[in-house]
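Source file: input.pdb; contents: PDB, C-alpha atoms, pLDDT in the B column.
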```pdb
ATOM      1  CA  MET A 321      -6.006   9.270 -12.247  1.00 74.00           C
ATOM      2  CA  GLY A 322      -3.370   7.432 -14.271  1.00 85.00           C
ATOM      3  CA  ALA A 323      -2.343   5.423 -11.212  1.00 83.00           C
ATOM      4  CA  LYS A 324      -5.959   4.319 -10.640  1.00 86.00           C
ATOM      5  CA  ILE A 325      -6.291   3.160 -14.234  1.00 93.00           C
ATOM      6  CA  THR A 326      -2.979   1.307 -14.064  1.00 93.00           C
ATOM      7  CA  TYR A 327      -3.976  -0.362 -10.792  1.00 90.00           C
ATOM      8  CA  THR A 328      -7.375  -1.385 -12.162  1.00 91.00           C
ATOM      9  CA  VAL A 329      -5.918  -2.815 -15.372  1.00 95.00           C
ATOM     10  CA  THR A 330      -3.218  -4.688 -13.448  1.00 94.00           C
ATOM     11  CA  ALA A 331      -5.787  -6.068 -11.002  1.00 93.00           C
ATOM     12  CA  ALA A 332      -8.022  -7.198 -13.879  1.00 95.00           C
ATOM     13  CA  VAL A 333      -5.108  -8.929 -15.607  1.00 96.00           C
ATOM     14  CA  LEU A 334      -4.200 -10.655 -12.341  1.00 94.00           C
ATOM     15  CA  VAL A 335      -7.768 -11.877 -11.854  1.00 94.00           C
ATOM     16  CA  VAL A 336      -7.778 -13.345 -15.381  1.00 95.00           C
ATOM     17  CA  TYR A 337      -4.433 -14.989 -14.631  1.00 94.00           C
ATOM     18  CA  PHE A 338      -5.772 -16.405 -11.359  1.00 94.00           C
ATOM     19  CA  VAL A 339      -8.800 -17.858 -13.185  1.00 95.00           C
ATOM     20  CA  LEU A 340      -6.569 -19.461 -15.817  1.00 95.00           C
ATOM     21  CA  VAL A 341      -4.199 -20.922 -13.227  1.00 95.00           C
ATOM     22  CA  GLY A 342      -7.141 -22.102 -11.134  1.00 94.00           C
ATOM     23  CA  SER A 343      -8.693 -23.861 -14.121  1.00 95.00           C
ATOM     24  CA  ARG A 344      -5.393 -25.654 -14.758  1.00 96.00           C
ATOM     25  CA  GLY A 345      -5.340 -26.750 -11.141  1.00 95.00           C
ATOM     26  CA  VAL A 346      -8.866 -28.139 -11.427  1.00 95.00           C
ATOM     27  CA  MET A 347      -7.902 -29.967 -14.632  1.00 96.00           C
ATOM     28  CA  LEU A 348      -4.933 -31.545 -12.871  1.00 96.00           C
ATOM     29  CA  ILE A 349      -7.132 -32.665  -9.983  1.00 95.00           C
ATOM     30  CA  GLN A 350      -9.682 -34.135 -12.396  1.00 96.00           C
ATOM     31  CA  SER A 351      -6.950 -36.306 -13.941  1.00 94.00           C
ATOM     32  CA  GLY A 352      -7.190 -38.370 -10.784  1.00 88.00           C
ATOM     33  CA  THR A 353      -3.653 -39.662 -10.281  1.00 94.00           C
ATOM     34  CA  LEU A 354      -1.846 -39.021  -7.009  1.00 95.00           C
ATOM     35  CA  LEU A 355       0.789 -36.884  -8.720  1.00 96.00           C
ATOM     36  CA  THR A 356      -1.636 -34.720 -10.715  1.00 96.00           C
ATOM     37  CA  VAL A 357      -3.966 -34.248  -7.737  1.00 96.00           C
ATOM     38  CA  THR A 358      -1.010 -33.154  -5.607  1.00 95.00           C
ATOM     39  CA  PHE A 359       0.145 -30.707  -8.289  1.00 95.00           C
ATOM     40  CA  GLY A 360      -3.425 -29.529  -8.837  1.00 95.00           C
ATOM     41  CA  VAL A 361      -3.858 -28.664  -5.165  1.00 95.00           C
ATOM     42  CA  ALA A 362      -0.482 -26.894  -5.173  1.00 94.00           C
ATOM     43  CA  VAL A 363      -1.471 -24.934  -8.281  1.00 94.00           C
ATOM     44  CA  LEU A 364      -4.799 -23.924  -6.677  1.00 94.00           C
ATOM     45  CA  ILE A 365      -2.988 -22.499  -3.647  1.00 95.00           C
ATOM     46  CA  LEU A 366      -1.226 -19.873  -5.796  1.00 90.00           C
ATOM     47  CA  PRO A 367      -4.385 -18.084  -6.998  1.00 92.00           C
ATOM     48  CA  VAL A 368      -5.819 -18.165  -3.466  1.00 93.00           C
ATOM     49  CA  ILE A 369      -2.704 -16.433  -2.111  1.00 95.00           C
ATOM     50  CA  GLY A 370      -2.745 -14.014  -5.050  1.00 93.00           C
ATOM     51  CA  ILE A 371      -6.401 -13.095  -4.573  1.00 94.00           C
ATOM     52  CA  TRP A 372      -5.833 -12.552  -0.839  1.00 95.00           C
ATOM     53  CA  PHE A 373      -2.810 -10.340  -1.561  1.00 95.00           C
ATOM     54  CA  LEU A 374      -4.705  -8.355  -4.206  1.00 94.00           C
ATOM     55  CA  TRP A 375      -7.692  -7.919  -1.856  1.00 95.00           C
ATOM     56  CA  LYS A 376      -5.506  -6.682   1.039  1.00 95.00           C
ATOM     57  CA  ASN A 377      -3.694  -4.221  -1.245  1.00 93.00           C
ATOM     58  CA  THR A 378      -6.951  -2.962  -2.710  1.00 93.00           C
ATOM     59  CA  GLN A 379      -8.328  -2.393   0.795  1.00 95.00           C
ATOM     60  CA  PHE A 380      -5.138  -0.562   1.790  1.00 95.00           C
ATOM     61  CA  VAL A 381      -5.239   1.715  -1.258  1.00 92.00           C
ATOM     62  CA  SER A 382      -8.936   2.414  -0.770  1.00 93.00           C
ATOM     63  CA  ARG A 383      -8.474   3.345   2.886  1.00 95.00           C
ATOM     64  CA  ALA A 384      -5.422   5.489   2.163  1.00 95.00           C
ATOM     65  CA  ASN A 385      -7.344   7.320  -0.575  1.00 93.00           C
ATOM     66  CA  ARG A 386     -10.241   7.876   1.832  1.00 95.00           C
ATOM     67  CA  LEU A 387      -7.851   9.447   4.355  1.00 95.00           C
ATOM     68  CA  ALA A 388      -6.293  11.588   1.627  1.00 94.00           C
ATOM     69  CA  ALA A 389      -9.721  12.860   0.566  1.00 95.00           C
ATOM     70  CA  GLU A 390     -10.655  13.658   4.161  1.00 95.00           C
ATOM     71  CA  LEU A 391      -7.360  15.434   4.789  1.00 94.00           C
ATOM     72  CA  ASP A 392      -7.731  17.341   1.524  1.00 94.00           C
ATOM     73  CA  ALA A 393     -11.232  18.470   2.550  1.00 95.00           C
ATOM     74  CA  GLU A 394      -9.722  19.782   5.782  1.00 93.00           C
ATOM     75  CA  GLY A 395      -6.948  21.558   3.874  1.00 91.00           C
ATOM     76  CA  GLY A 396      -4.337  19.432   5.633  1.00 88.00           C
ATOM     77  CA  LEU A 397      -2.632  17.665   2.766  1.00 88.00           C
ATOM     78  CA  PRO A 398       1.091  18.398   2.721  1.00 85.00           C
ATOM     79  CA  VAL A 399       2.218  20.890   0.104  1.00 84.00           C
ATOM     80  CA  ASP A 400       4.821  19.587  -2.326  1.00 85.00           C
ATOM     81  CA  GLU A 401       7.805  21.670  -1.300  1.00 84.00           C
ATOM     82  CA  LEU A 402      10.464  19.264  -2.492  1.00 87.00           C
ATOM     83  CA  LYS A 403      13.297  20.353  -4.736  1.00 86.00           C
ATOM     84  CA  ARG A 404      13.769  18.283  -7.833  1.00 88.00           C
ATOM     85  CA  THR A 405      16.665  17.459 -10.106  1.00 85.00           C
ATOM     86  CA  PRO A 406      16.565  18.608 -13.736  1.00 88.00           C
ATOM     87  CA  ALA A 407      15.317  15.094 -14.597  1.00 87.00           C
ATOM     88  CA  GLY A 408      12.374  15.556 -12.217  1.00 84.00           C
ATOM     89  CA  ARG A 409      13.563  13.244  -9.440  1.00 88.00           C
ATOM     90  CA  ILE A 410      13.158  14.334  -5.843  1.00 87.00           C
ATOM     91  CA  ASP A 411      16.326  15.795  -4.354  1.00 84.00           C
ATOM     92  CA  ARG A 412      17.468  13.525  -1.527  1.00 84.00           C
ATOM     93  CA  ASP A 413      18.532  16.351   0.816  1.00 86.00           C
ATOM     94  CA  SER A 414      15.211  18.105   0.303  1.00 86.00           C
ATOM     95  CA  ALA A 415      13.309  14.885   1.070  1.00 87.00           C
ATOM     96  CA  ASP A 416      15.410  14.338   4.200  1.00 87.00           C
ATOM     97  CA  GLU A 417      14.690  17.884   5.394  1.00 89.00           C
ATOM     98  CA  VAL A 418      10.927  17.492   4.932  1.00 90.00           C
ATOM     99  CA  PHE A 419      11.076  14.041   6.513  1.00 91.00           C
ATOM    100  CA  ALA A 420      12.759  15.444   9.646  1.00 91.00           C
ATOM    101  CA  ARG A 421       9.942  17.985  10.043  1.00 92.00           C
ATOM    102  CA  ARG A 422       7.240  15.362   9.516  1.00 93.00           C
ATOM    103  CA  LYS A 423       8.883  13.013  12.001  1.00 94.00           C
ATOM    104  CA  ALA A 424       9.056  15.774  14.627  1.00 95.00           C
ATOM    105  CA  GLU A 425       5.387  16.605  13.946  1.00 94.00           C
ATOM    106  CA  THR A 426       4.455  12.955  14.472  1.00 95.00           C
ATOM    107  CA  GLU A 427       6.504  12.716  17.671  1.00 95.00           C
ATOM    108  CA  ASP A 428       4.655  15.792  18.984  1.00 95.00           C
ATOM    109  CA  ALA A 429       1.237  14.295  18.144  1.00 93.00           C
ATOM    110  CA  PRO A 430       1.636  10.495  18.127  1.00 93.00           C
ATOM    111  CA  ASP A 431      -2.119   9.869  18.333  1.00 93.00           C
ATOM    112  CA  ASP A 432      -3.053  12.082  15.364  1.00 94.00           C
ATOM    113  CA  TRP A 433      -3.688  10.117  12.187  1.00 95.00           C
ATOM    114  CA  ARG A 434      -3.052  13.264  10.129  1.00 95.00           C
ATOM    115  CA  SER A 435       0.565  13.514  11.242  1.00 94.00           C
ATOM    116  CA  TRP A 436       1.072   9.802  10.516  1.00 95.00           C
ATOM    117  CA  PHE A 437      -0.431  10.278   7.057  1.00 96.00           C
ATOM    118  CA  ARG A 438       1.973  13.144   6.326  1.00 94.00           C
ATOM    119  CA  LEU A 439       4.865  11.076   7.719  1.00 95.00           C
ATOM    120  CA  ALA A 440       3.924   8.239   5.353  1.00 95.00           C
ATOM    121  CA  ILE A 441       4.133  10.666   2.424  1.00 93.00           C
ATOM    122  CA  ALA A 442       7.533  11.870   3.662  1.00 92.00           C
ATOM    123  CA  TYR A 443       8.767   8.274   3.898  1.00 92.00           C
ATOM    124  CA  HIS A 444       7.522   7.669   0.358  1.00 91.00           C
ATOM    125  CA  ASP A 445       9.270  10.790  -0.924  1.00 88.00           C
ATOM    126  CA  ALA A 446      12.471   9.612   0.786  1.00 87.00           C
ATOM    127  CA  ARG A 447      12.065   6.314  -1.122  1.00 86.00           C
ATOM    128  CA  ASP A 448      11.486   4.220   2.001  1.00 89.00           C
ATOM    129  CA  THR A 449       8.433   2.294   0.831  1.00 92.00           C
ATOM    130  CA  PRO A 450       8.235  -0.290   3.658  1.00 94.00           C
ATOM    131  CA  ARG A 451       8.200   2.422   6.331  1.00 94.00           C
ATOM    132  CA  ALA A 452       5.806   4.524   4.260  1.00 95.00           C
ATOM    133  CA  ARG A 453       3.389   1.611   4.165  1.00 95.00           C
ATOM    134  CA  LYS A 454       3.702   0.967   7.918  1.00 96.00           C
ATOM    135  CA  ALA A 455       3.154   4.662   8.695  1.00 95.00           C
ATOM    136  CA  MET A 456       0.074   4.710   6.438  1.00 96.00           C
ATOM    137  CA  GLN A 457      -1.263   1.553   8.114  1.00 95.00           C
ATOM    138  CA  HIS A 458      -0.721   3.291  11.459  1.00 96.00           C
ATOM    139  CA  ALA A 459      -2.628   6.355  10.211  1.00 96.00           C
ATOM    140  CA  ILE A 460      -5.488   4.180   8.980  1.00 96.00           C
ATOM    141  CA  ALA A 461      -5.691   2.316  12.292  1.00 95.00           C
ATOM    142  CA  LEU A 462      -5.698   5.582  14.273  1.00 95.00           C
ATOM    143  CA  HIS A 463      -8.360   7.055  12.000  1.00 94.00           C
ATOM    144  CA  ASP A 464     -10.564   3.976  12.323  1.00 92.00           C
ATOM    145  CA  GLY A 465     -10.083   3.824  16.101  1.00 88.00           C
ATOM    146  CA  LYS A 466      -8.473   0.403  15.956  1.00 87.00           C
ATOM    147  CA  PRO A 467      -5.714  -0.743  18.302  1.00 80.00           C
ATOM    148  CA  VAL A 468      -2.300   0.287  17.036  1.00 77.00           C
ATOM    149  CA  ARG A 469       0.712  -1.970  17.327  1.00 72.00           C
ATOM    150  CA  ALA A 470       3.869  -0.190  18.408  1.00 59.00           C
TER
END
```
Reformat the file's structure so that it appears as structure tokens.
Amino acid sequence: MGAKITYTVTAAVLVVYFVLVGSRGVMLIQSGTLLTVTFGVAVLILPVIGIWFLWKNTQFVSRANRLAAELDAEGGLPVDELKRTPAGRIDRDSADEVFARRKAETEDAPDDWRSWFRLAIAYHDARDTPRARKAMQHAIALHDGKPVRA
């Protein structure tokens, strides 16, 4: 729940920032000189990119949460079996061991979104965020019946 609150607050702050930056861009354009209009257009591009990025991330999180809820209802969420250091960090060897099992599971059932979801969690636990995201995107695409890029 804390992560949802943090995400919502961060998204709200970003939207306020985008509005402020956008208003500055409009003010620059209204000045009417070639230089200020050029800068104003450039400044307006930043909030557009930011809003697109925020929207895509919000969609991703929403879809991943939907898959997690469905997998939880089926009783298929992976159990946290990772060893931790005294400071609470995940033990690297433990994460690698679980990852190897999840990868083998996914290789055995490459068309099952559930195995890709669990692999994404294993990637995340192994601190490989880019691959975790790609595996989760793969799981979402399989779940939604969309074409999957190899």
Suppose a student applies the PyMOL selection byres ((chain A and resi 374) around 12) to this structure; what residues should they get, written as a tab-separated table (two decimals) with C-alpha atoms, keeping the file's coordinate frame?
```
chain	number	residue	atom	x	y	z
A	327	TYR	CA	-3.98	-0.36	-10.79
A	328	THR	CA	-7.38	-1.38	-12.16
A	330	THR	CA	-3.22	-4.69	-13.45
A	331	ALA	CA	-5.79	-6.07	-11.00
A	332	ALA	CA	-8.02	-7.20	-13.88
A	333	VAL	CA	-5.11	-8.93	-15.61
A	334	LEU	CA	-4.20	-10.66	-12.34
A	335	VAL	CA	-7.77	-11.88	-11.85
A	338	PHE	CA	-5.77	-16.40	-11.36
A	367	PRO	CA	-4.38	-18.08	-7.00
A	368	VAL	CA	-5.82	-18.16	-3.47
A	369	ILE	CA	-2.70	-16.43	-2.11
A	370	GLY	CA	-2.74	-14.01	-5.05
A	371	ILE	CA	-6.40	-13.10	-4.57
A	372	TRP	CA	-5.83	-12.55	-0.84
A	373	PHE	CA	-2.81	-10.34	-1.56
A	375	TRP	CA	-7.69	-7.92	-1.86
A	376	LYS	CA	-5.51	-6.68	1.04
A	377	ASN	CA	-3.69	-4.22	-1.25
A	378	THR	CA	-6.95	-2.96	-2.71
A	379	GLN	CA	-8.33	-2.39	0.80
A	380	PHE	CA	-5.14	-0.56	1.79
A	381	VAL	CA	-5.24	1.72	-1.26
```
Centre and edges of the region 410-428 of chain A box, axis-aligned, 4 Å extra per side, as JSON:
```
{"center_x": 11.5, "center_y": 15.4, "center_z": 6.6, "size_x": 22.1, "size_y": 13.4, "size_z": 32.8}
```
- Got a sec: who's within 7 Å of region 448-460 of chain A, counting all atoms listed in the file, leaving out chain neighbours fewer than 5 positions off, as a VMD selection string? chain A and resid 383 to 384 433 to 434 436 to 437 439 to 441 443 468
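If only C-alpha atoms are the atoms counted, then among A:Leu402, A:Val341, A:Met347, A:Ala420 the closest residue to Val363 (chain A) is A:Val341.
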- Item | Explicit residues for the PyMOL selection byres ((chain A and resi 401) around 12) (as a PyMOL selection string) | chain A and resi 397-400+402-404+410-411+414-419+442+445
Keeping only C-alpha atoms, write the selected residues to a file as a PDB file, in the coordinates of the input.
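This went into selection-v1.pdb:
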```
ATOM      1  CA  LEU A 397      -2.632  17.665   2.766  1.00 88.00           C
ATOM      2  CA  PRO A 398       1.091  18.398   2.721  1.00 85.00           C
ATOM      3  CA  VAL A 399       2.218  20.890   0.104  1.00 84.00           C
ATOM      4  CA  ASP A 400       4.821  19.587  -2.326  1.00 85.00           C
ATOM      5  CA  LEU A 402      10.464  19.264  -2.492  1.00 87.00           C
ATOM      6  CA  LYS A 403      13.297  20.353  -4.736  1.00 86.00           C
ATOM      7  CA  ARG A 404      13.769  18.283  -7.833  1.00 88.00           C
ATOM      8  CA  ILE A 410      13.158  14.334  -5.843  1.00 87.00           C
ATOM      9  CA  ASP A 411      16.326  15.795  -4.354  1.00 84.00           C
ATOM     10  CA  SER A 414      15.211  18.105   0.303  1.00 86.00           C
ATOM     11  CA  ALA A 415      13.309  14.885   1.070  1.00 87.00           C
ATOM     12  CA  ASP A 416      15.410  14.338   4.200  1.00 87.00           C
ATOM     13  CA  GLU A 417      14.690  17.884   5.394  1.00 89.00           C
ATOM     14  CA  VAL A 418      10.927  17.492   4.932  1.00 90.00           C
ATOM     15  CA  PHE A 419      11.076  14.041   6.513  1.00 91.00           C
ATOM     16  CA  ALA A 442       7.533  11.870   3.662  1.00 92.00           C
ATOM     17  CA  ASP A 445       9.270  10.790  -0.924  1.00 88.00           C
TER      18      ASP A 445
END
```
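The gap separating CA of Arg409 (chain A) from CA of Gly395 (chain A) is 25.8 Å, in Å to one decimal.
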- Query: Of the residues A:Val339, A:Ala362, A:Ile325, A:Leu387, which is the one nearest to Asp464 (chain A), using only C-alpha atoms?
  - Reply: A:Leu387
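With CA of Ala388 (chain A) on one side and CA of Gly465 (chain A) on the other, the separation reads 16.9 Å.
From CA of Arg422 (chain A) back to CA of Thr326 (chain A), the distance works out to 29.3 Å.
Restricting the calculation to all atoms listed in the file, the smallest distance between Asp431 (chain A) and any of A:Arg386, A:Arg447, A:Arg412, A:Lys466 is found for A:Lys466.
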